>>> print(open('work.csv').read())   # CSV, C-alpha atoms and all ligand atoms
chain,number,residue,atom,x,y,z
Z,1,MET,CA,7.2,-25.7,-28.8
Z,2,ILE,CA,9.3,-22.6,-28.0
Z,3,PRO,CA,6.7,-20.5,-26.2
Z,4,HIS,CA,5.9,-16.9,-27.2
Z,5,SER,CA,6.7,-15.8,-23.7
Z,6,ARG,CA,8.5,-17.4,-20.8
Z,7,PRO,CA,9.2,-15.7,-17.5
Z,8,VAL,CA,12.5,-16.7,-15.8
Z,9,PHE,CA,12.2,-18.0,-12.3
Z,10,ASP,CA,14.8,-19.7,-10.1
Z,11,ASP,CA,15.3,-20.9,-6.5
Z,12,GLY,CA,15.4,-17.2,-5.4
Z,13,SER,CA,11.8,-16.8,-6.7
Z,14,LEU,CA,10.7,-19.8,-4.7
Z,15,ARG,CA,12.4,-18.5,-1.6
Z,16,ALA,CA,10.8,-15.1,-2.0
Z,17,VAL,CA,7.3,-16.6,-2.1
Z,18,GLN,CA,8.0,-19.0,0.7
Z,19,GLN,CA,9.2,-16.1,2.9
Z,20,VAL,CA,5.9,-14.3,2.4
Z,21,ILE,CA,3.9,-17.4,3.2
Z,22,ALA,CA,6.1,-18.2,6.2
Z,23,ARG,CA,5.4,-14.8,7.7
Z,24,GLY,CA,1.7,-15.6,7.5
Z,25,HIS,CA,0.8,-12.3,5.8
Z,26,THR,CA,-0.1,-12.8,2.2
Z,27,ALA,CA,-2.3,-9.8,1.5
Z,28,ARG,CA,-0.8,-6.3,0.9
Z,29,GLY,CA,2.1,-5.7,3.2
Z,30,PRO,CA,5.8,-4.8,3.4
Z,31,VAL,CA,6.8,-6.5,0.1
Z,32,SER,CA,4.2,-4.5,-1.9
Z,33,GLU,CA,5.5,-1.4,-0.2
Z,34,THR,CA,9.1,-2.2,-1.2
Z,35,LEU,CA,7.9,-2.9,-4.8
Z,36,GLU,CA,6.2,0.5,-4.9
Z,37,THR,CA,9.5,2.2,-3.8
Z,38,ARG,CA,11.6,0.3,-6.2
Z,39,VAL,CA,9.4,0.8,-9.3
Z,40,SER,CA,9.0,4.5,-8.4
Z,41,GLN,CA,12.8,4.8,-8.4
Z,42,LEU,CA,13.2,2.9,-11.6
Z,43,THR,CA,10.7,5.1,-13.4
Z,44,GLY,CA,11.7,8.4,-11.8
Z,45,LYS,CA,8.3,9.0,-10.3
Z,46,THR,CA,7.6,10.2,-6.7
Z,47,TYR,CA,4.7,7.9,-5.9
Z,48,GLY,CA,3.8,4.4,-6.8
Z,49,ALA,CA,0.5,2.6,-5.9
Z,50,ALA,CA,0.7,-1.2,-6.4
Z,51,VAL,CA,-2.6,-2.7,-7.7
Z,52,ASP,CA,-3.8,-6.1,-8.8
Z,53,SER,CA,-3.3,-5.7,-12.6
Z,54,GLY,CA,-2.2,-3.3,-15.3
Z,55,THR,CA,-5.9,-3.1,-16.4
Z,56,SER,CA,-6.9,-1.9,-12.9
Z,57,ALA,CA,-4.1,0.6,-12.9
Z,58,LEU,CA,-5.5,2.1,-16.2
Z,59,MET,CA,-9.0,2.1,-14.9
Z,60,LEU,CA,-8.0,3.8,-11.6
Z,61,ALA,CA,-5.9,6.3,-13.4
Z,62,LEU,CA,-8.9,7.4,-15.4
Z,63,PHE,CA,-11.2,7.5,-12.3
Z,64,ALA,CA,-8.5,9.6,-10.5
Z,65,LEU,CA,-8.5,12.1,-13.4
Z,66,GLN,CA,-12.3,12.3,-13.3
Z,67,VAL,CA,-12.1,13.8,-9.8
Z,68,ASP,CA,-10.4,16.9,-11.4
Z,69,ALA,CA,-12.6,17.3,-14.4
Z,70,PRO,CA,-15.0,15.3,-16.5
Z,71,VAL,CA,-13.3,12.7,-18.7
Z,72,GLN,CA,-15.5,11.8,-21.6
Z,73,ARG,CA,-13.2,11.0,-24.5
Z,74,VAL,CA,-9.9,9.1,-24.1
Z,75,GLY,CA,-7.5,8.5,-27.0
Z,76,ILE,CA,-6.1,4.9,-27.1
Z,77,PRO,CA,-3.9,3.3,-29.8
Z,78,ALA,CA,-5.9,1.0,-32.1
Z,79,TYR,CA,-3.2,-1.5,-32.5
Z,80,ALA,CA,-2.8,-2.4,-28.8
Z,81,CYS,CA,-3.9,-4.8,-26.1
Z,82,ARG,CA,-7.6,-5.2,-25.6
Z,83,ALA,CA,-7.2,-4.4,-21.9
Z,84,LEU,CA,-7.0,-0.7,-22.8
Z,85,LEU,CA,-10.4,-0.7,-24.4
Z,86,HIS,CA,-11.9,-2.6,-21.5
Z,87,ALA,CA,-10.4,-0.2,-18.9
Z,88,VAL,CA,-11.7,2.8,-20.8
Z,89,ARG,CA,-15.2,1.4,-21.2
Z,90,ALA,CA,-15.3,0.3,-17.5
Z,91,CYS,CA,-15.0,4.0,-16.6
Z,92,GLY,CA,-18.0,4.9,-18.8
Z,93,VAL,CA,-15.7,6.8,-21.1
Z,94,GLU,CA,-15.7,6.9,-24.9
Z,95,PRO,CA,-12.6,5.3,-26.4
Z,96,VAL,CA,-11.2,7.2,-29.4
Z,97,LEU,CA,-9.0,4.9,-31.4
Z,98,MET,CA,-5.8,6.4,-32.8
Z,99,ASP,CA,-4.2,4.7,-35.8
Z,100,CYS,CA,-0.7,3.4,-36.0
Z,101,ALA,CA,2.1,4.1,-38.6
Z,102,GLU,CA,4.1,1.4,-40.5
Z,103,ASP,CA,6.5,1.1,-37.5
Z,104,LEU,CA,3.6,0.5,-35.1
Z,105,ARG,CA,4.0,3.8,-33.3
Z,106,LEU,CA,1.1,6.2,-33.4
Z,107,HIS,CA,0.5,8.0,-36.7
Z,108,VAL,CA,1.7,11.4,-35.6
Z,109,ALA,CA,-0.5,13.6,-37.8
Z,110,ARG,CA,-3.7,11.7,-37.0
Z,111,ALA,CA,-3.0,11.6,-33.3
Z,112,GLN,CA,-2.3,15.4,-33.2
Z,113,ALA,CA,-5.5,16.1,-35.2
Z,114,LEU,CA,-7.5,14.2,-32.6
Z,115,ALA,CA,-5.7,15.6,-29.5
Z,116,PRO,CA,-7.8,18.8,-29.0
Z,117,SER,CA,-11.0,16.8,-28.7
Z,118,LEU,CA,-9.6,14.4,-26.0
Z,119,ASP,CA,-9.9,14.7,-22.2
Z,120,ALA,CA,-7.0,12.2,-21.7
Z,121,ILE,CA,-4.8,10.1,-23.8
Z,122,ILE,CA,-3.2,6.7,-23.1
Z,123,LEU,CA,0.2,6.4,-24.9
Z,124,VAL,CA,1.6,2.9,-25.1
Z,125,HIS,CA,5.2,1.8,-25.8
Z,126,PRO,CA,4.2,-1.1,-28.0
Z,127,PHE,CA,5.9,-4.5,-27.9
Z,128,GLY,CA,9.1,-3.1,-26.2
Z,129,LEU,CA,9.4,-0.4,-28.9
Z,130,ILE,CA,9.4,3.3,-27.8
Z,131,GLU,CA,6.5,5.7,-28.4
Z,132,PRO,CA,8.4,8.9,-28.9
Z,133,MET,CA,5.2,11.0,-28.6
Z,134,VAL,CA,5.3,10.6,-24.8
Z,135,ALA,CA,8.0,13.3,-24.8
Z,136,GLU,CA,5.7,15.8,-26.7
Z,137,ALA,CA,3.4,18.4,-25.0
Z,138,TRP,CA,-0.3,17.3,-25.1
Z,139,PRO,CA,-3.4,19.5,-24.5
Z,140,CYS,CA,-4.8,16.8,-22.1
Z,141,PRO,CA,-3.4,14.6,-19.3
Z,142,VAL,CA,-1.2,11.7,-20.6
Z,143,ILE,CA,-1.3,8.2,-19.2
Z,144,GLU,CA,2.0,6.5,-20.2
Z,145,ASP,CA,1.6,2.7,-20.4
Z,146,ILE,CA,4.9,0.9,-19.9
Z,147,ALA,CA,3.4,-2.6,-19.5
Z,148,GLN,CA,5.4,-4.0,-22.5
Z,149,ALA,CA,8.5,-1.7,-22.5
Z,150,ALA,CA,9.4,-1.3,-18.8
Z,151,GLY,CA,13.1,-1.0,-18.4
Z,152,GLY,CA,13.6,0.9,-21.7
Z,153,SER,CA,14.5,4.6,-21.9
Z,154,LEU,CA,14.0,7.6,-24.1
Z,155,GLN,CA,16.3,10.7,-24.2
Z,156,ASN,CA,18.2,9.2,-21.2
Z,157,CYS,CA,15.0,9.1,-19.1
Z,158,PRO,CA,13.4,5.9,-18.0
Z,159,LEU,CA,10.1,5.0,-19.6
Z,160,GLY,CA,7.4,5.7,-17.2
Z,161,GLY,CA,8.9,9.0,-16.3
Z,162,PHE,CA,7.0,11.0,-19.0
Z,163,GLY,CA,3.2,10.6,-18.3
Z,164,ASP,CA,1.2,12.7,-15.9
Z,165,ILE,CA,0.3,9.2,-14.7
Z,166,SER,CA,2.2,6.0,-15.8
Z,167,ILE,CA,1.1,2.5,-15.5
Z,168,ALA,CA,3.0,-0.8,-15.3
Z,169,SER,CA,1.9,-4.5,-15.4
Z,170,PHE,CA,3.4,-7.4,-13.6
Z,171,TYR,CA,1.5,-10.0,-15.5
Z,172,ALA,CA,3.4,-13.2,-16.1
Z,173,THR,CA,4.4,-12.6,-19.7
Z,174,LYS,CA,5.5,-9.0,-19.2
Z,175,PRO,CA,9.2,-7.9,-18.9
Z,176,TRP,CA,8.6,-7.2,-15.2
Z,177,GLY,CA,6.0,-9.9,-14.8
Z,178,GLY,CA,5.8,-12.3,-11.9
Z,179,ALA,CA,2.2,-13.5,-12.0
Z,180,TYR,CA,-0.4,-10.8,-11.7
Z,181,GLY,CA,-0.2,-7.2,-10.7
Z,182,GLY,CA,0.2,-3.6,-11.8
Z,183,MET,CA,1.3,-0.2,-10.6
Z,184,LEU,CA,0.1,3.4,-11.0
Z,185,LEU,CA,2.9,6.0,-10.8
Z,186,SER,CA,2.7,9.8,-10.6
Z,187,ASN,CA,4.5,12.8,-9.2
Z,188,ARG,CA,1.1,14.1,-8.1
Z,189,ARG,CA,0.4,13.3,-4.5
Z,190,ASP,CA,-3.3,14.0,-4.8
Z,191,ILE,CA,-3.6,11.4,-7.7
Z,192,PHE,CA,-1.6,8.9,-5.6
Z,193,GLN,CA,-3.8,9.4,-2.5
Z,194,ARG,CA,-7.0,9.0,-4.5
Z,195,VAL,CA,-5.8,5.8,-6.0
Z,196,CYS,CA,-4.7,4.4,-2.7
Z,197,GLU,CA,-8.2,5.2,-1.4
Z,198,MET,CA,-10.0,3.7,-4.4
Z,199,ARG,CA,-8.0,0.4,-4.3
Z,200,TYR,CA,-9.3,-0.5,-0.9
Z,201,ALA,CA,-13.1,-0.7,-0.8
Z,202,ASP,CA,-13.4,-1.1,3.0
Z,203,THR,CA,-12.2,2.4,3.7
Z,204,ALA,CA,-12.9,4.3,0.4
Z,205,GLY,CA,-15.2,7.3,0.7
Z,206,ILE,CA,-18.4,7.2,-1.3
Z,207,ALA,CA,-17.7,10.6,-2.9
Z,208,LEU,CA,-15.1,8.9,-5.1
Z,209,PRO,CA,-16.2,7.9,-8.6
Z,210,TYR,CA,-15.2,4.3,-7.9
Z,211,ALA,CA,-13.7,2.0,-5.3
Z,212,GLY,CA,-12.9,-1.7,-5.3
Z,213,ASN,CA,-10.5,-4.2,-3.9
Z,214,HIS,CA,-7.5,-3.8,-6.1
Z,215,GLN,CA,-4.6,-4.1,-3.7
Z,216,LEU,CA,-1.6,-6.2,-4.7
Z,217,SER,CA,-0.9,-9.3,-2.6
Z,218,ASP,CA,2.6,-9.7,-1.1
Z,219,VAL,CA,2.8,-13.1,-2.8
Z,220,HIS,CA,2.5,-11.4,-6.2
Z,221,ALA,CA,4.7,-8.5,-5.1
Z,222,ALA,CA,7.4,-10.9,-4.1
Z,223,LEU,CA,7.4,-12.5,-7.6
Z,224,ALA,CA,7.5,-9.1,-9.3
Z,225,MET,CA,10.4,-8.0,-7.0
Z,226,ASP,CA,12.2,-11.2,-7.9
Z,227,ARG,CA,11.8,-10.5,-11.6
Z,228,LEU,CA,13.1,-7.0,-11.2
Z,229,VAL,CA,16.4,-8.2,-9.8
Z,230,ARG,CA,17.2,-9.8,-13.1
Z,231,ALA,CA,15.3,-7.5,-15.4
Z,232,ASP,CA,18.3,-5.6,-16.8
Z,233,GLU,CA,20.3,-8.8,-17.3
Z,234,GLU,CA,17.3,-10.3,-19.2
Z,235,ARG,CA,17.0,-7.1,-21.3
Z,236,GLN,CA,20.7,-7.4,-22.3
Z,237,ALA,CA,20.2,-11.1,-23.2
Z,238,ARG,CA,17.2,-10.2,-25.4
Z,239,LEU,CA,19.2,-7.4,-27.0
Z,240,GLN,CA,21.9,-9.9,-28.0
Z,241,LEU,CA,19.3,-12.3,-29.3
Z,242,VAL,CA,17.6,-9.7,-31.5
Z,243,GLU,CA,20.9,-8.7,-33.0
Z,244,GLN,CA,21.3,-12.4,-34.0
Z,245,TYR,CA,17.8,-12.4,-35.4
Z,246,ASP,CA,18.7,-9.2,-37.4
Z,247,GLU,CA,21.6,-11.1,-39.0
Z,248,TRP,CA,19.5,-14.1,-39.9
Z,249,LEU,CA,17.0,-11.8,-41.5
Z,250,VAL,CA,19.4,-10.0,-43.8
Z,251,PRO,CA,19.3,-12.5,-46.7
Z,252,LEU,CA,15.6,-13.2,-46.3
Z,253,ASP,CA,12.4,-11.7,-47.6
Z,254,SER,CA,10.9,-10.1,-44.5
Z,255,GLU,CA,11.5,-6.8,-42.7
Z,256,PRO,CA,11.9,-6.2,-39.0
Z,257,VAL,CA,9.8,-3.5,-37.6
Z,258,ARG,CA,12.1,-0.7,-36.5
Z,259,ARG,CA,13.5,-1.1,-33.0
Z,260,GLU,CA,15.8,0.9,-30.8
Z,261,THR,CA,18.6,-0.3,-28.5
Z,262,THR,CA,17.0,1.7,-25.7
Z,263,GLY,CA,13.8,-0.2,-26.0
Z,264,ASN,CA,13.5,-3.4,-24.0
Z,265,GLN,CA,13.3,-5.9,-26.9
Z,266,TYR,CA,10.2,-7.5,-25.5
Z,267,ARG,CA,9.1,-8.8,-28.9
Z,268,TYR,CA,10.7,-9.2,-32.3
Z,269,ILE,CA,8.2,-8.1,-34.9
Z,270,VAL,CA,8.5,-8.7,-38.7
Z,271,ARG,CA,6.3,-7.6,-41.5
Z,272,VAL,CA,5.4,-10.4,-43.9
Z,273,GLU,CA,3.0,-10.7,-46.8
Z,274,ASP,CA,0.5,-13.1,-44.9
Z,275,ALA,CA,0.9,-13.1,-41.1
Z,276,GLU,CA,-1.5,-16.0,-40.7
Z,277,LYS,CA,0.4,-18.3,-43.0
Z,278,VAL,CA,3.8,-17.4,-41.5
Z,279,ILE,CA,2.5,-18.0,-38.0
Z,280,ALA,CA,1.1,-21.4,-38.9
Z,281,ASN,CA,4.5,-22.2,-40.6
Z,282,PHE,CA,6.4,-21.3,-37.5
Z,283,HIS,CA,4.1,-23.5,-35.4
Z,284,SER,CA,4.8,-26.4,-37.6
Z,285,HIS,CA,8.5,-25.8,-36.8
Z,286,GLY,CA,7.8,-25.8,-33.1
Z,287,ILE,CA,8.0,-22.0,-32.7
Z,288,GLY,CA,5.3,-20.2,-30.9
Z,289,ALA,CA,5.1,-17.1,-33.1
Z,290,ALA,CA,1.9,-15.1,-32.7
Z,291,ARG,CA,0.2,-12.0,-33.7
Z,292,PRO,CA,1.5,-9.0,-31.7
Z,293,VAL,CA,-2.1,-8.4,-30.6
Z,294,GLU,CA,-4.9,-10.9,-30.7
Z,295,THR,CA,-7.3,-8.4,-32.5
Z,296,SER,CA,-6.7,-4.9,-33.5
Z,297,LEU,CA,-9.2,-2.7,-31.6
Z,298,ASP,CA,-10.8,-1.2,-34.6
Z,299,ALA,CA,-12.1,-4.6,-35.5
Z,300,LEU,CA,-13.9,-4.7,-32.2
Z,301,THR,CA,-15.4,-1.2,-32.3
Z,302,GLY,CA,-16.2,-1.1,-36.0
Z,303,ASP,CA,-13.8,1.8,-36.8
Z,304,VAL,CA,-11.9,1.6,-40.0
Z,305,LEU,CA,-8.2,2.4,-39.6
Z,306,SER,CA,-5.9,1.5,-42.4
Z,307,GLY,CA,-2.6,1.4,-40.4
Z,308,ALA,CA,-4.0,-0.9,-37.7
Z,309,ALA,CA,-5.7,-3.1,-40.3
Z,310,SER,CA,-2.4,-3.4,-42.3
Z,311,ALA,CA,-0.5,-4.2,-39.1
Z,312,TRP,CA,-2.9,-7.0,-38.3
Z,313,ARG,CA,-2.6,-8.5,-41.7
Z,314,HIS,CA,1.2,-8.3,-41.9
Z,315,CYS,CA,2.8,-8.4,-38.5
Z,316,VAL,CA,4.2,-11.4,-36.8
Z,317,SER,CA,5.7,-11.5,-33.3
Z,318,ILE,CA,8.6,-14.0,-32.9
Z,319,PRO,CA,9.6,-15.2,-29.4
Z,320,VAL,CA,12.5,-13.4,-27.8
Z,321,LEU,CA,13.3,-15.4,-24.6
Z,322,ALA,CA,16.0,-14.2,-22.2
Z,323,ASP,CA,16.9,-17.8,-21.3
Z,324,MET,CA,16.8,-19.3,-24.8
Z,325,THR,CA,18.9,-22.5,-24.9
Z,326,ALA,CA,21.5,-23.3,-27.6
Z,327,GLY,CA,19.1,-26.0,-28.9
Z,328,GLU,CA,16.2,-23.4,-29.1
Z,329,ARG,CA,18.5,-21.0,-30.9
Z,330,THR,CA,19.3,-23.6,-33.6
Z,331,LYS,CA,15.6,-24.3,-34.0
Z,332,MET,CA,14.9,-20.6,-34.3
Z,333,GLU,CA,17.6,-20.2,-37.0
Z,334,LYS,CA,16.1,-23.0,-39.0
Z,335,GLY,CA,12.6,-21.5,-38.4
Z,336,PHE,CA,13.8,-18.1,-39.7
Z,337,LYS,CA,15.2,-19.7,-42.9
Z,338,SER,CA,12.1,-21.8,-43.6
Z,339,CYS,CA,9.3,-19.4,-42.6
Z,340,LEU,CA,10.5,-15.9,-43.6
X,1,LIG,C1,0.1,-2.4,-23.3
X,1,LIG,C2,-0.7,-3.0,-22.2
X,1,LIG,N1,-1.3,-2.3,-21.2
X,1,LIG,C3,-2.0,-2.8,-20.2
X,1,LIG,C4,-2.1,-4.2,-20.1
X,1,LIG,C5,-2.9,-4.8,-19.0
X,1,LIG,O1,-2.1,-5.4,-18.0
X,1,LIG,P1,-2.6,-6.6,-17.2
X,1,LIG,O2,-2.6,-7.8,-18.0
X,1,LIG,O3,-1.7,-6.6,-16.0
X,1,LIG,O4,-4.0,-6.3,-16.7
X,1,LIG,C6,-1.6,-5.0,-21.1
X,1,LIG,C7,-1.8,-6.5,-21.0
X,1,LIG,O5,-1.8,-7.3,-21.7
X,1,LIG,C8,-0.8,-4.4,-22.1
X,1,LIG,O6,-0.3,-5.2,-23.1
>>> encode(input="work.csv", output="structure tokens", more="lines below")
Ligand SMILES: Cc1ncc(COP(=O)(O)O)c(C=O)c1O
Amino acid sequence: MIPHSRPVFDDGSLRAVQQVIARGHTARGPVSETLETRVSQLTGKTYGAAVDSGTSALMLALFALQVDAPVQRVGIPAYACRALLHAVRACGVEPVLMDCAEDLRLHVARAQALAPSLDAIILVHPFGLIEPMVAEAWPCPVIEDIAQAAGGSLQNCPLGGFGDISIASFYATKPWGGAYGGMLLSNRRDIFQRVCEMRYADTAGIALPYAGNHQLSDVHAALAMDRLVRADEERQARLQLVEQYDEWLVPLDSEPVRRETTGNQYRYIVRVEDAEKVIANFHSHGIGAARPVETSLDALTGDVLSGAASAWRHCVSIPVLADMTAGERTKMEKGFKSCL
């Protein structure tokens, strides 16, 4: 089966982890610090705090904002990873779901109508696509989530450079993913300092709204650093692959969801009549197609959102692997012709 995701490792990855273990210091240390500097540079942010996951980064971002002012209602996209909903709920905050448009970005008018009632908003660049609304002015703090689109850019600025706080994930399947990990990025020193305090329970003050052990280990940081070395090359390889997919799709019945060359081509998403049937068909051809999200969040909260419901019924995510072999490409071409 061609997997839906496959991180690329090599001997350098092995050596990077071995070096950490050989030094005998596997908890947070110099590699995590180097990763913080590197990711801050890549996103154009002044400060980066490495943490144990993207979910923790979201949660700590919200707790850090709560020190400034009460945060009671947070807007999150309805057609997004469940981690967002869990992070918001973990902070005791009400999630306000925002519907998506046909192209899987936020529905602009609906998001703008909700904005005045929100205390913060999480804007996600979904599936390697770009959420242009990060460049707009919002009446509340913006948390920009680049977990799936890290390495992309908008208006010549790197993604992650727009939010008041930005978060990244180094989970294995993500474009910058090693194994586990995340990062919170900001130009605000006070936010950065709060997060650094909250991520280490042994020294965190009890006046903070939360503290826990959320530091990133140097083993995980070494894997993420290793992935960063090849991230741009992998993005280029995925870009070439999706151009090939576009060509295969021209004579067929399905439509690709719009994409931009400045996105990072993390997923290739098509709209079909019956997503479930098409995914099963791909599986029978040895291709690990999947739904872009396991469940749309409105199905969990009981909200009724037409855009998200339609995306769930019709969208299929097809693997875009940076290291796809010639044999796998042939299999994909046949899969496209038979399943779409
Ligand atoms: C858009 C988005 N944000 C945040 C997360 C959470 O990241 P992590 O898996 O590192 O906790 C995910 C993970 O799936 C995600 O897709």
>>> closest_residue(input="work.csv", among="Z:Met225, Z:Cys196, Z:Val270, Z:Ala120", to="Z:Asn213", atoms="all atoms listed in the file")
Z:Cys196
>>> residues_around(input="work.csv", residues="Z:Lys334", least_positions_apart="3", cutoff="12 Å", atoms="all atoms listed in the file", output="PDB file with C-alpha atoms, keeping the file's coordinate frame")
ATOM      1  CA  TYR Z 245      17.800 -12.400 -35.400  1.00  0.00           C
ATOM      2  CA  TRP Z 248      19.500 -14.100 -39.900  1.00  0.00           C
ATOM      3  CA  LEU Z 249      17.000 -11.800 -41.500  1.00  0.00           C
ATOM      4  CA  ASN Z 281       4.500 -22.200 -40.600  1.00  0.00           C
ATOM      5  CA  PHE Z 282       6.400 -21.300 -37.500  1.00  0.00           C
ATOM      6  CA  SER Z 284       4.800 -26.400 -37.600  1.00  0.00           C
ATOM      7  CA  HIS Z 285       8.500 -25.800 -36.800  1.00  0.00           C
ATOM      8  CA  GLY Z 286       7.800 -25.800 -33.100  1.00  0.00           C
ATOM      9  CA  ILE Z 287       8.000 -22.000 -32.700  1.00  0.00           C
ATOM     10  CA  GLY Z 327      19.100 -26.000 -28.900  1.00  0.00           C
ATOM     11  CA  GLU Z 328      16.200 -23.400 -29.100  1.00  0.00           C
ATOM     12  CA  ARG Z 329      18.500 -21.000 -30.900  1.00  0.00           C
ATOM     13  CA  THR Z 330      19.300 -23.600 -33.600  1.00  0.00           C
ATOM     14  CA  LYS Z 331      15.600 -24.300 -34.000  1.00  0.00           C
ATOM     15  CA  LYS Z 337      15.200 -19.700 -42.900  1.00  0.00           C
ATOM     16  CA  SER Z 338      12.100 -21.800 -43.600  1.00  0.00           C
ATOM     17  CA  CYS Z 339       9.300 -19.400 -42.600  1.00  0.00           C
ATOM     18  CA  LEU Z 340      10.500 -15.900 -43.600  1.00  0.00           C
TER      19      LEU Z 340
END
>>> atom_distance(input="work.csv", atom1="atom CA of Z:Glu36", atom2="atom CA of Z:Leu84")
22.3 Å
>>> closest_residue(input="work.csv", among="Z:Pro292, Z:Pro30, Z:Pro256, Z:Gly44", to="ligand LIG 1 (chain X)", atoms="all atoms listed in the file")
Z:Pro292
>>> closest_atom_pairs(input="work.csv", of="chain Z", to="ligand LIG 1 (chain X)", cutoff="10 Å", atoms="only C-alpha atoms and all ligand atoms", output="CSV")
residue,atom,partner,partner_atom,distance
Z:Val51,CA,X:LIG1,O3,9.2
Z:Asp52,CA,X:LIG1,O3,7.5
Z:Ser53,CA,X:LIG1,O3,3.9
Z:Gly54,CA,X:LIG1,O3,3.4
Z:Thr55,CA,X:LIG1,O4,3.7
Z:Ser56,CA,X:LIG1,O4,6.5
Z:Ala57,CA,X:LIG1,O4,7.9
Z:Leu58,CA,X:LIG1,C3,7.2
Z:Met59,CA,X:LIG1,O4,9.9
Z:Pro77,CA,X:LIG1,C1,9.5
Z:Tyr79,CA,X:LIG1,C1,9.8
Z:Ala80,CA,X:LIG1,C1,6.2
Z:Cys81,CA,X:LIG1,O6,4.7
Z:Arg82,CA,X:LIG1,O5,7.3
Z:Ala83,CA,X:LIG1,C5,5.2
Z:Leu84,CA,X:LIG1,C3,6.0
Z:Leu85,CA,X:LIG1,C3,9.6
Z:His86,CA,X:LIG1,C5,9.6
Z:Ala87,CA,X:LIG1,C5,8.8
Z:Ile122,CA,X:LIG1,N1,9.4
Z:Leu123,CA,X:LIG1,C1,8.9
Z:Val124,CA,X:LIG1,C1,5.8
Z:His125,CA,X:LIG1,C1,7.1
Z:Pro126,CA,X:LIG1,C1,6.4
Z:Phe127,CA,X:LIG1,C1,7.7
Z:Gly128,CA,X:LIG1,C1,9.5
Z:Glu144,CA,X:LIG1,N1,9.5
Z:Asp145,CA,X:LIG1,N1,5.8
Z:Ile146,CA,X:LIG1,C1,6.7
Z:Ala147,CA,X:LIG1,C2,4.9
Z:Gln148,CA,X:LIG1,C1,5.6
Z:Ala149,CA,X:LIG1,C1,8.5
Z:Ile167,CA,X:LIG1,C3,7.7
Z:Ala168,CA,X:LIG1,C3,7.3
Z:Ser169,CA,X:LIG1,O3,4.2
Z:Phe170,CA,X:LIG1,O3,5.7
Z:Tyr171,CA,X:LIG1,O3,4.7
Z:Ala172,CA,X:LIG1,O2,8.3
Z:Thr173,CA,X:LIG1,O5,8.4
Z:Lys174,CA,X:LIG1,O5,7.9
Z:Gly177,CA,X:LIG1,O3,8.5
Z:Ala179,CA,X:LIG1,O3,8.9
Z:Tyr180,CA,X:LIG1,O3,6.1
Z:Gly181,CA,X:LIG1,O3,5.5
Z:Gly182,CA,X:LIG1,O3,5.5
Z:Met183,CA,X:LIG1,O3,8.9
Z:Pro292,CA,X:LIG1,O6,9.6
Z:Val293,CA,X:LIG1,O6,8.4
>>> residues_around(input="work.csv", residues="Z:Val67", least_positions_apart="3", cutoff="8 Å", atoms="all atoms listed in the file", output="ChimeraX atom specification")
/Z:63-64,70,208-209
>>> atom_distance(input="work.csv", atom1="atom CA of Z:Ala222", atom2="atom CA of Z:Val17")
6.0 Å
>>> residues_around(input="work.csv", residues="stretch 306-312 of chain Z", least_positions_apart="2", cutoff="9 Å", atoms="all atoms listed in the file", output="PyMOL selection string")
chain Z and resi 77-79+98-104+107+271+275+291-299+304+314-316
>>> closest_residue(input="work.csv", among="Z:Leu184, Z:Ala150, Z:Leu97, Z:Ala50", to="Z:Leu35", atoms="only C-alpha atoms")
Z:Ala50
>>> closest_residue(input="work.csv", among="Z:Val93, Z:Ile206, Z:Ala322, Z:Met133", to="Z:Asp232", atoms="all atoms listed in the file")
Z:Ala322
>>> residues_around(input="work.csv", residues="Z:Ala115", least_positions_apart="4", cutoff="8 Å", atoms="all atoms listed in the file", output="number ranges by chain")
Z: 75, 111, 121, 138-140
>>> atom_distance(input="work.csv", atom1="atom CA of Z:Glu276", atom2="atom CA of Z:Pro319")
15.9 Å
>>> residues_around(input="work.csv", residues="Z:Asp226", least_positions_apart="2", cutoff="8 Å", atoms="only C-alpha atoms", output="ChimeraX atom specification")
/Z:12-13,16,178,222-224,228-230
>>> closest_residue(input="work.csv", among="Z:Met332, Z:Val272, Z:Leu118, Z:Leu185", to="Z:Gln244", atoms="only C-alpha atoms")
Z:Met332
>>> closest_residue(input="work.csv", among="Z:Ile318, Z:Tyr210, Z:Thr26, Z:Ile279", to="Z:Ala90", atoms="only C-alpha atoms")
Z:Tyr210
